[in-house]
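Structure first, commentary second.
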Amino acid sequence: MAADRVEEIAALLVEAGQAHRKYEQNQLHGAPDTDWTRWYAGYTVEQGISALLGHAVTVDTLVKFFANADAEYQRSRPNEQWTTYVARRMPIAL
């Protein structure tokens, strides 16, 4: 996948993170969202992740992907932002 697509996906993930923080503050009254993967999946599907990937993707598929990618990120602790790490893996995994 072209670098510009990875950058677009990473930008969408940054946007999702900002919106998710607002959701936690306003809807969850500051409590952490234990089902954040579902929230991120729903948000990114609504915001057009399928178009960025070039094929349809479901919320359930993204929930699993986000959980696995986050676990890998936590284990490996790479020297890059979570959003970039996930964006680079998304086209390969989905």
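Within each chain, counting starts at residue 1; across the structure tokens, chains are named A, B, ... in the order shown, with ligands numbered 1 upward in that order.
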9 Å contact set for stretch 37-51 of chain A, only C-alpha atoms, chain neighbours under 4 positions out, as a VMD selection string
chain A and resid 9 12 to 13 16 to 17 19 to 20 33 55 to 67
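Restricting the calculation to only C-alpha atoms, the smallest distance between A:Ala71 and any of A:Ala3, A:Val86, A:Leu52, A:Ala93 is found for A:Val86.
Atom pair atom CA of A:Glu7 / atom CA of A:Asn26 has a distance of 28.7 Å (rounded to one decimal).
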Residues near A:Arg89, anyone? I mean within 10 Å using only C-alpha atoms, not counting same-chain ones fewer than 4 positions away, as a list in words.
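In the requested form, the answer reads Val6, Phe65, Ala69, Thr84, Tyr85, Ala93 and Leu94 of chain A.
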Could you please take those selected residues and save N, CA and C atoms as a PDB file, in the first residue's frame?
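Output file selection.pdb is given in full below:
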ATOM      1  N   VAL A   6      -1.280   4.879   4.043  1.00  0.00           N
ATOM      2  CA  VAL A   6      -0.945   4.613   5.441  1.00  0.00           C
ATOM      3  C   VAL A   6      -1.086   5.900   6.241  1.00  0.00           C
ATOM      4  N   PHE A  65      -9.106  -7.022  14.774  1.00  0.00           N
ATOM      5  CA  PHE A  65      -7.845  -6.457  14.315  1.00  0.00           C
ATOM      6  C   PHE A  65      -7.269  -5.490  15.346  1.00  0.00           C
ATOM      7  N   ALA A  69      -3.721  -5.999  17.105  1.00  0.00           N
ATOM      8  CA  ALA A  69      -2.677  -5.014  16.816  1.00  0.00           C
ATOM      9  C   ALA A  69      -2.233  -4.305  18.093  1.00  0.00           C
ATOM     10  N   THR A  84       0.459   5.034  13.759  1.00  0.00           N
ATOM     11  CA  THR A  84       1.280   4.661  12.605  1.00  0.00           C
ATOM     12  C   THR A  84       1.506   3.156  12.566  1.00  0.00           C
ATOM     13  N   TYR A  85       1.805   2.592  13.718  1.00  0.00           N
ATOM     14  CA  TYR A  85       2.021   1.147  13.825  1.00  0.00           C
ATOM     15  C   TYR A  85       0.797   0.384  13.308  1.00  0.00           C
ATOM     16  N   ALA A  93      -3.260  -7.006   7.165  1.00  0.00           N
ATOM     17  CA  ALA A  93      -4.061  -7.917   7.982  1.00  0.00           C
ATOM     18  C   ALA A  93      -5.510  -8.028   7.510  1.00  0.00           C
ATOM     19  N   LEU A  94      -5.985  -7.002   6.864  1.00  0.00           N
ATOM     20  CA  LEU A  94      -7.413  -7.018   6.484  1.00  0.00           C
ATOM     21  C   LEU A  94      -7.535  -7.351   5.032  1.00  0.00           C
TER      22      LEU A  94
END
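If you look at atom CA of A:Thr34 and atom CA of A:Val14, they are 18.7 Å away from each other.
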From a DSSP calculation on the backbone, collect every residue of chain A in alpha helix (DSSP H) and output the set as a PDB file with C-alpha atoms, in the first residue's frame.
ATOM      1  CA  ALA A   3       2.681   5.559   1.968  1.00  0.00           C
ATOM      2  CA  ASP A   4      -0.016   8.184   1.463  1.00  0.00           C
ATOM      3  CA  ARG A   5      -2.721   5.597   2.234  1.00  0.00           C
ATOM      4  CA  VAL A   6      -0.945   4.613   5.441  1.00  0.00           C
ATOM      5  CA  GLU A   7      -0.758   8.299   6.364  1.00  0.00           C
ATOM      6  CA  GLU A   8      -4.488   8.705   5.642  1.00  0.00           C
ATOM      7  CA  ILE A   9      -5.333   5.675   7.783  1.00  0.00           C
ATOM      8  CA  ALA A  10      -3.071   6.957  10.573  1.00  0.00           C
ATOM      9  CA  ALA A  11      -4.781  10.368  10.378  1.00  0.00           C
ATOM     10  CA  LEU A  12      -8.181   8.674  10.692  1.00  0.00           C
ATOM     11  CA  LEU A  13      -6.916   6.777  13.746  1.00  0.00           C
ATOM     12  CA  VAL A  14      -5.696  10.043  15.302  1.00  0.00           C
ATOM     13  CA  GLU A  15      -9.137  11.534  14.657  1.00  0.00           C
ATOM     14  CA  ALA A  16     -10.757   8.466  16.209  1.00  0.00           C
ATOM     15  CA  GLY A  17      -8.536   8.825  19.267  1.00  0.00           C
ATOM     16  CA  GLN A  18      -9.530  12.444  19.740  1.00  0.00           C
ATOM     17  CA  ALA A  19     -13.220  11.631  19.351  1.00  0.00           C
ATOM     18  CA  HIS A  20     -12.875   8.659  21.689  1.00  0.00           C
ATOM     19  CA  ARG A  21     -11.343  10.818  24.425  1.00  0.00           C
ATOM     20  CA  LYS A  22     -14.358  13.126  24.177  1.00  0.00           C
ATOM     21  CA  TYR A  23     -16.670  10.103  24.335  1.00  0.00           C
ATOM     22  CA  GLU A  24     -14.931   8.845  27.489  1.00  0.00           C
ATOM     23  CA  GLN A  25     -15.132  12.269  29.093  1.00  0.00           C
ATOM     24  CA  ASN A  26     -18.737  13.043  28.165  1.00  0.00           C
ATOM     25  CA  TRP A  36     -12.647   0.722  23.086  1.00  0.00           C
ATOM     26  CA  THR A  37     -11.948  -1.610  20.168  1.00  0.00           C
ATOM     27  CA  ARG A  38     -15.649  -1.733  19.274  1.00  0.00           C
ATOM     28  CA  TRP A  39     -15.916   2.050  19.569  1.00  0.00           C
ATOM     29  CA  TYR A  40     -12.865   2.582  17.313  1.00  0.00           C
ATOM     30  CA  ALA A  41     -14.156   0.021  14.827  1.00  0.00           C
ATOM     31  CA  GLY A  42     -17.567   1.648  14.613  1.00  0.00           C
ATOM     32  CA  TYR A  43     -16.094   5.110  14.283  1.00  0.00           C
ATOM     33  CA  THR A  44     -13.609   4.178  11.573  1.00  0.00           C
ATOM     34  CA  VAL A  45     -16.238   2.295   9.570  1.00  0.00           C
ATOM     35  CA  GLU A  46     -18.563   5.306   9.774  1.00  0.00           C
ATOM     36  CA  ILE A  49     -12.047   3.159   6.457  1.00  0.00           C
ATOM     37  CA  SER A  50     -13.332   0.790   3.765  1.00  0.00           C
ATOM     38  CA  ALA A  51     -12.641   3.383   1.061  1.00  0.00           C
ATOM     39  CA  LEU A  52      -9.113   3.906   2.378  1.00  0.00           C
ATOM     40  CA  LEU A  53      -8.478   0.164   2.369  1.00  0.00           C
ATOM     41  CA  VAL A  59     -16.973  -3.586  12.571  1.00  0.00           C
ATOM     42  CA  ASP A  60     -16.488  -7.121  13.910  1.00  0.00           C
ATOM     43  CA  THR A  61     -13.417  -7.648  11.739  1.00  0.00           C
ATOM     44  CA  LEU A  62     -11.931  -4.369  12.920  1.00  0.00           C
ATOM     45  CA  VAL A  63     -12.660  -5.158  16.578  1.00  0.00           C
ATOM     46  CA  LYS A  64     -10.498  -8.272  16.299  1.00  0.00           C
ATOM     47  CA  PHE A  65      -7.845  -6.457  14.315  1.00  0.00           C
ATOM     48  CA  PHE A  66      -7.577  -3.579  16.813  1.00  0.00           C
ATOM     49  CA  ALA A  67      -7.349  -5.981  19.754  1.00  0.00           C
ATOM     50  CA  ASN A  68      -4.598  -8.033  18.105  1.00  0.00           C
ATOM     51  CA  ALA A  69      -2.677  -5.014  16.816  1.00  0.00           C
ATOM     52  CA  ASP A  70      -2.809  -3.347  20.229  1.00  0.00           C
ATOM     53  CA  ALA A  71      -1.572  -6.498  21.957  1.00  0.00           C
ATOM     54  CA  GLU A  72       1.330  -6.707  19.493  1.00  0.00           C
ATOM     55  CA  TYR A  73       2.109  -3.033  20.009  1.00  0.00           C
ATOM     56  CA  GLN A  74       2.120  -3.433  23.800  1.00  0.00           C
ATOM     57  CA  ARG A  75       4.412  -6.476  23.563  1.00  0.00           C
ATOM     58  CA  SER A  76       6.905  -5.020  21.119  1.00  0.00           C
ATOM     59  CA  TRP A  82       0.357   3.569  17.933  1.00  0.00           C
ATOM     60  CA  THR A  83      -1.586   5.118  15.068  1.00  0.00           C
ATOM     61  CA  THR A  84       1.280   4.661  12.605  1.00  0.00           C
ATOM     62  CA  TYR A  85       2.021   1.147  13.825  1.00  0.00           C
ATOM     63  CA  VAL A  86      -1.603   0.096  13.376  1.00  0.00           C
ATOM     64  CA  ALA A  87      -2.034   1.922  10.061  1.00  0.00           C
ATOM     65  CA  ARG A  88       0.953   0.089   8.549  1.00  0.00           C
ATOM     66  CA  ARG A  89      -0.440  -3.299   9.560  1.00  0.00           C
ATOM     67  CA  MET A  90      -4.081  -2.732   8.678  1.00  0.00           C
ATOM     68  CA  PRO A  91      -3.859  -3.197   4.878  1.00  0.00           C
ATOM     69  CA  ILE A  92      -1.825  -6.394   5.304  1.00  0.00           C
ATOM     70  CA  ALA A  93      -4.061  -7.917   7.982  1.00  0.00           C
TER      71      ALA A  93
END
